[in-house]
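Participant: If you scroll down you'll find the structure; I have some questions about it.
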Amino acid sequence: MTDHSKQEDQADALERRARGEFVRGVSGFRHAIGDPEFPAEPGRYHLFVALNCPWCHRLTLARNVLGLQDSISMDVAFPNRTGEDDPEGPNNWQFAPELVAAATGATLPECTLETATGQGFRLVRDIYRAEGSDERSVPILYDKKTSRVVNNESAEIIRMLNDNAALLGGSSNETDRPNLYPDDPAIRAEIDELNQQIYVTINNGAYKAGFSSDQSIYAASFNAYFKTLAQLEDRLASDGRPFLTGDRFSEADLRLFPTLYRHDPVYYLRMKLNGAKILDYPHLWRWLCRVHGLPGVATSSSLDHCRQGYFGRSWNGVIPAGPFVPMTYPKAYGHPELAVQHGTSSVTPKTNV
């Protein structure tokens, strides 16, 4: 049975894709830290990520908020994949820190070479090939001791980093370190319910809206996305709670943040999600600013990478310069007072798509 909080049902996937629906594939490596062959040890594990990828953003967030920056090393791919002129063909994530980003006119300082395998691989695909796999996706959790891919499903990696943070060598003490999935069964049930709703309608829903070529699929995804935003706005407004499940930042907040972080400056245009901006939802905007202000969150991604990655693979590769009203992003995330003050009824999806 498919867990809809972490992956999409693959029933009739080929036919659905042929009809124009974006259908996300399933990650193939599903080992876990804590398995006998993958014990939790400081300095043993490595992440391969791209900072424009929202699924990778989940893991850079978890790594940072759990204080694992010094104990889990990381390599960052260039935000654009290879083109038709590459000898290995198009659509491969590449470790290419020498490439110049059109978005900035310069190299991107966060990009790295591949440093974990000892092979200096140029392509993420090569890491999988060494395991006999034809996958090519990020993120990847990699074991440097055995030279093996542990897992490439971000939802599972978040959970294992949280469960093993102390054994992995997290720099935060137990008191300061958030528990993203607390032991309380009621809170876990609430997080699980939110995770499924957020994955289906927001995280993956943004991609269904942006990359499906069928108008009716786009319309359904668009309406579901904004319906959920209105529901989350009401949830936060109901009692003034700072986070989705109450007073503490949880896995549900972590999984929502990457999409909402990208919405105003990127997804509003690129994913055709132009019904409203997060600025139009006062409580969600203040939540977004609040999460962005948590230690380690602001450095967990880069809007330069996001703009380059999303718009750089559009039909002409031109990167939009805005928005700059009411101010540029991510600077705006430091200003919760910018939220537009009107009711959520005005940003509930209408039936014009």
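Residue numbering restarts at 1 for every chain of the structure tokens, chains are lettered A, B, ... in their displayed order, and ligands are numbered from 1 as they appear.
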Using only C-alpha atoms, which residues sit within 9 Å of Ala116 of chain A once same-chain residues fewer than 5 positions away are excluded, as a count of residues only?
Facilitator: 11
Participant: Counting only C-alpha atoms, which residues of segment 145-240 of chain A fall within 10 Å of segment 272-277 of chain A, and what is the closest atom pair for each with its distance in Å at one decimal, ordered by chain and rising number, as a Markdown table?
Facilitator:
```
| residue | atom | partner | partner_atom | distance |
| --- | --- | --- | --- | --- |
| A:Ala206 | CA | A:Leu273 | CA | 7.5 |
| A:Tyr207 | CA | A:Lys272 | CA | 9.8 |
| A:Ala209 | CA | A:Lys272 | CA | 6.7 |
| A:Gly210 | CA | A:Lys272 | CA | 5.8 |
| A:Phe211 | CA | A:Lys272 | CA | 9.3 |
| A:Tyr218 | CA | A:Lys272 | CA | 8.8 |
| A:Ser221 | CA | A:Leu273 | CA | 9.4 |
| A:Phe222 | CA | A:Leu273 | CA | 6.4 |
| A:Asn223 | CA | A:Gly275 | CA | 8.9 |
| A:Tyr225 | CA | A:Leu273 | CA | 8.3 |
| A:Phe226 | CA | A:Gly275 | CA | 7.4 |
| A:Leu229 | CA | A:Ala276 | CA | 9.8 |
```
Participant: I'd like to know which of A:Ala339, A:Arg44, A:Ile191, A:Leu288 is closest to Thr146 of chain A, using only C-alpha atoms.
Facilitator: A:Arg44
Participant: Pick out the residues sitting within 8 Å of Phe95 of chain A, and hand them over as a PyMOL selection string; count only C-alpha atoms, and ignore anything fewer than 6 positions along from it in its own chain.
Facilitator: chain A and resi 76-78+111-114+121-124
Participant: Residues at most 10 Å from Val291 of chain A, counting only C-alpha atoms, excluding those fewer than 2 positions away in the same chain, as a list in words?
Facilitator: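 Non-adjacent residues within range: Pro242, Phe243, Phe249, Asp253, Leu254, Phe257, Tyr261, Trp285, Arg286, Trp287, Leu288, Cys289, Gly293, Leu294, Pro295, Gly296, Val297, Ala298 and Tyr333 of chain A.
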Participant: Would you mind telling me which residue in A:Arg58, A:Glu174, A:Pro79, A:Ile72 lies nearest to Pro139 of chain A when using only C-alpha atoms?
Facilitator: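 Nearest candidate to Pro139 of chain A out of A:Arg58, A:Glu174, A:Pro79, A:Ile72: A:Arg58.
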